[in-house]
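Please read the structure below before turning to the comments.
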Amino acid sequence: MKPAEFYQRDRLRQPPALTPDYKTSVARSPRLAMLSLQGSMSEITGPTFGHSDIDPIDNDLIRNYAKTGDPVGERIIVHGRVLDENGRGVPNTLVEIWQANAGGRYRHKKDTYLAPIDPNFGGCGRTLTDEQGYYYFRTIKPGAYPWRNWVNNWRPAHIHVSVFGTSFSQRLITQMYFEGDPLIAKCPIVNTIPDPRAIEQLIAPLDMNAAVPLDSLAYKFDIVLRGRRSTLFENRLEGN
Amino acid sequence: MVQPLNYLHESAAQTAGPYVHIGLAPGAAGFDIYRNELGRDIAGPDAPGERIRVEGVVIDGTGAAVKDVLLEVWQADAAGIYPHPEDPRFADVAPGFRGWGRVITDFDTGLWSFDTIKPGSVMGRNARRMAPHINVWIVARGINIGLNTRMYFEDEDNATDPVLNLIEQPPRRETLIARKVKPGLYRFDIRLQGDGETVFLDI
């Protein structure tokens with residue numbers, strides 16, 4: 001069997017471009033309809049990565065920028081699988097994360113929030129999934145922080161997640177939230193997602209089975225990328 | 001009752017936010033953490049083909065440059081081969097050619113550029129050849145889900161390209177065609193909204 005196109009992206013579960021309660025989207029959202037395109041070689045291929053691209057410590061945010069000791073905050077493990085819509089693990093795919101520190105401050109020259117930078121915390125990590133699509137990070141639970149949207153908007157604690165999959169049409173950036181955070185329901189960025197089930201899919205449950213006693217709590221976050229047909233039938237990609 | 005269709009559902013996207021550089025290009029965020037930042041060398045030193053630079057600005061609906069945007073590009077080599085195992089000619093891809101790049105802006109001006117080789121044409125669906133193009137994916141604060149588009153070249157024959165010809169209004173096809181500034185330099189501005197809005201693709 002030769003793999004073929006990817007399943008149509010379900011736009012009813014994805015945020016639309018224009019979401020006025022998230023104000024920055026207003027001037028940055030296309031107003032005309034997108035052109036729907038069936039997959040060609042340009043869409044069903046995408047970049048590949050290997051272990052020579054990254055280092056083993058890159059997935060340990062507690063250690064990968066430590067200068068004088070460990071970073072401040074609640075030590076956590078974030079782990080899970082990258083799956084496709086058919087439920088198959090996506091192996092050897094690059095997962096990159098970034099986040100604020102425990103006080104809600106980003107190590108970025110454009111972040112001016114009054115919470116302090118942590119000298120031992122960079123706030124980014126990356127890893128490749130294993131043969132089953134499994135990935136693992138060790139980090140610090142990020143803090144909530146205020147942002148300029150309405151006068152008093154606060155982002156729930158979150159970790160940004162970037163995933164590649166096997167094709168450029170699976171490319172995805174999303175955010176992981178933490179079970180039980182009351183700020184999730186109030187967040188205009190979370191609420192750009194129109195389907196409550198799709199929001200729930202971004203909330204990682206506490207996973208005591210993966211917690212390390214006397215060391216770290218754990219949250220489990222599975223990421224689903226678009227699935228694809230497994231047979232070509234009439235839809236010939238290349239007329240062969 | 002029917003059997004359940006037990007497919008999983010693609011995770012919903014969320015904006016990459018203003019601090020996307022921390023994760024994807026930490027040098028641009030202002031710190032040095034990785035041995036190797038990814039996506040900085042698209043073609044490698046040894047791939048044959050015409051060496052080109054592409055530059056541009058992403059412009060919002062008010063006409064302002066989007067200074068915190070991040071782009072990724074994906075392209076074939078000069079022979080039209082993608083460095084991916086599903087390309088039937090994968091074994092012949094140019095040596096050292098990655099085909100993928102990550103492009104960041106000058107935070108003061110919003111101008112971005114990347115160096116690569118000009119891609120060759122690629123066979124499209126139903127044996128219709130596609131004109132040389134670079135696939136582009138755009139994320140930023142205020143963009144809820146990454147925007148896909150393509151960049152073509154004005155000095156190539158785009159008349160029969162099957163994707164450009166799907167665009168109903170011929171003037172809009174021009175939004176996907178980079179202008180040649182001088183030999184080796186192309187300009188490709190992307191307009192998110194309003195007059196001259198770029199055609200975005202639901203791929």
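We name chains A, B, ... following the order of the structure tokens; residues begin at 1 in each chain, and ligands are numbered from 1 as shown.
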Listing only residues of stretch 70-154 of chain A within 9 Å of stretch 52-57 of chain A, what is the closest atom pair and its distance in Å (to one decimal) for each, using only C-alpha atoms, sorted by chain and residue number ascending, as CSV?
```
residue,atom,partner,partner_atom,distance
A:Gly125,CA,A:Ile57,CA,8.6
A:Arg126,CA,A:Ile54,CA,7.6
A:Thr127,CA,A:Ile54,CA,7.3
A:Leu128,CA,A:Ile54,CA,8.5
```
Restricted to C-alpha atoms, what would the selected residues look like written as a PDB file, in the first residue's frame?
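And here is the file that came out, out_16.pdb:
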```
ATOM      1  CA  GLY A 125      13.570  22.141  24.888  1.00  0.00           C
ATOM      2  CA  ARG A 126      13.409  19.716  22.009  1.00  0.00           C
ATOM      3  CA  THR A 127      13.405  15.987  21.434  1.00  0.00           C
ATOM      4  CA  LEU A 128      12.648  13.322  18.856  1.00  0.00           C
TER       5      LEU A 128
END
```
**Message:** Taking only stretch 7-141 of chain A into account, list the residues labelled strand (DSSP E or B) by DSSP (computed from the backbone), as JSON, numbers by chain.
**Reply:** {"A": [35, 36, 60, 75, 76, 77, 78, 79, 80, 81, 82, 83, 84, 89, 94, 95, 96, 97, 98, 124, 125, 126, 127, 128, 134, 135, 136, 137, 138, 139, 140]}
Could you make a table, as JSON lines, of the residues of chain B that have an atom within 6 Å of an atom of chain A, each with its nearest atom pair and distance in Å to one decimal, counting only C-alpha atoms, in chain and number order?
```
{"residue": "B:Tyr7", "atom": "CA", "partner": "A:Glu85", "partner_atom": "CA", "distance": 5.5}
{"residue": "B:Leu8", "atom": "CA", "partner": "A:Glu85", "partner_atom": "CA", "distance": 4.4}
{"residue": "B:His9", "atom": "CA", "partner": "A:Glu85", "partner_atom": "CA", "distance": 5.6}
{"residue": "B:Glu10", "atom": "CA", "partner": "A:Val224", "partner_atom": "CA", "distance": 4.8}
{"residue": "B:Ser11", "atom": "CA", "partner": "A:Val224", "partner_atom": "CA", "distance": 5.1}
{"residue": "B:Ala12", "atom": "CA", "partner": "A:Gln14", "partner_atom": "CA", "distance": 5.1}
{"residue": "B:Ala13", "atom": "CA", "partner": "A:Thr174", "partner_atom": "CA", "distance": 4.5}
{"residue": "B:Gln14", "atom": "CA", "partner": "A:Thr174", "partner_atom": "CA", "distance": 4.3}
{"residue": "B:Gly23", "atom": "CA", "partner": "A:Trp98", "partner_atom": "CA", "distance": 4.6}
{"residue": "B:Ala29", "atom": "CA", "partner": "A:His108", "partner_atom": "CA", "distance": 4.8}
{"residue": "B:Asp60", "atom": "CA", "partner": "A:Arg28", "partner_atom": "CA", "distance": 5.2}
{"residue": "B:Gly61", "atom": "CA", "partner": "A:Ala27", "partner_atom": "CA", "distance": 4.7}
{"residue": "B:His84", "atom": "CA", "partner": "A:Thr45", "partner_atom": "CA", "distance": 6.0}
{"residue": "B:Trp100", "atom": "CA", "partner": "A:Pro47", "partner_atom": "CA", "distance": 6.0}
{"residue": "B:Gly124", "atom": "CA", "partner": "A:Ser40", "partner_atom": "CA", "distance": 5.5}
{"residue": "B:Arg125", "atom": "CA", "partner": "A:Leu237", "partner_atom": "CA", "distance": 4.4}
{"residue": "B:Asn126", "atom": "CA", "partner": "A:Gly239", "partner_atom": "CA", "distance": 4.1}
{"residue": "B:Ala127", "atom": "CA", "partner": "A:Gly239", "partner_atom": "CA", "distance": 4.9}
{"residue": "B:Gly142", "atom": "CA", "partner": "A:Ser25", "partner_atom": "CA", "distance": 4.0}
{"residue": "B:Ile143", "atom": "CA", "partner": "A:Ser25", "partner_atom": "CA", "distance": 6.0}
{"residue": "B:Asn144", "atom": "CA", "partner": "A:Ala17", "partner_atom": "CA", "distance": 5.8}
{"residue": "B:Leu192", "atom": "CA", "partner": "A:Pro30", "partner_atom": "CA", "distance": 5.2}
{"residue": "B:Gln193", "atom": "CA", "partner": "A:Pro30", "partner_atom": "CA", "distance": 4.7}
{"residue": "B:Phe200", "atom": "CA", "partner": "A:Met34", "partner_atom": "CA", "distance": 5.1}
{"residue": "B:Leu201", "atom": "CA", "partner": "A:Leu35", "partner_atom": "CA", "distance": 4.7}
{"residue": "B:Asp202", "atom": "CA", "partner": "A:Ser36", "partner_atom": "CA", "distance": 4.6}
{"residue": "B:Ile203", "atom": "CA", "partner": "A:Leu37", "partner_atom": "CA", "distance": 5.0}
```
Computed gap from atom CA of B:Val58 to atom CA of B:Ile190 is 4.7 Å
- Item | Close residues, stretch 102-105 of chain B itself excluded, 8 Å, only C-alpha atoms, min 4 positions apart in chain, as a list in words | Ala25, Ala28, Leu38, Gly39, Arg40, Lys67, Asp68, Val69, Leu70, Leu71, Glu72, Val73, Thr109, Gly110, Leu111, Trp112, Ser113 and Phe114 of chain B
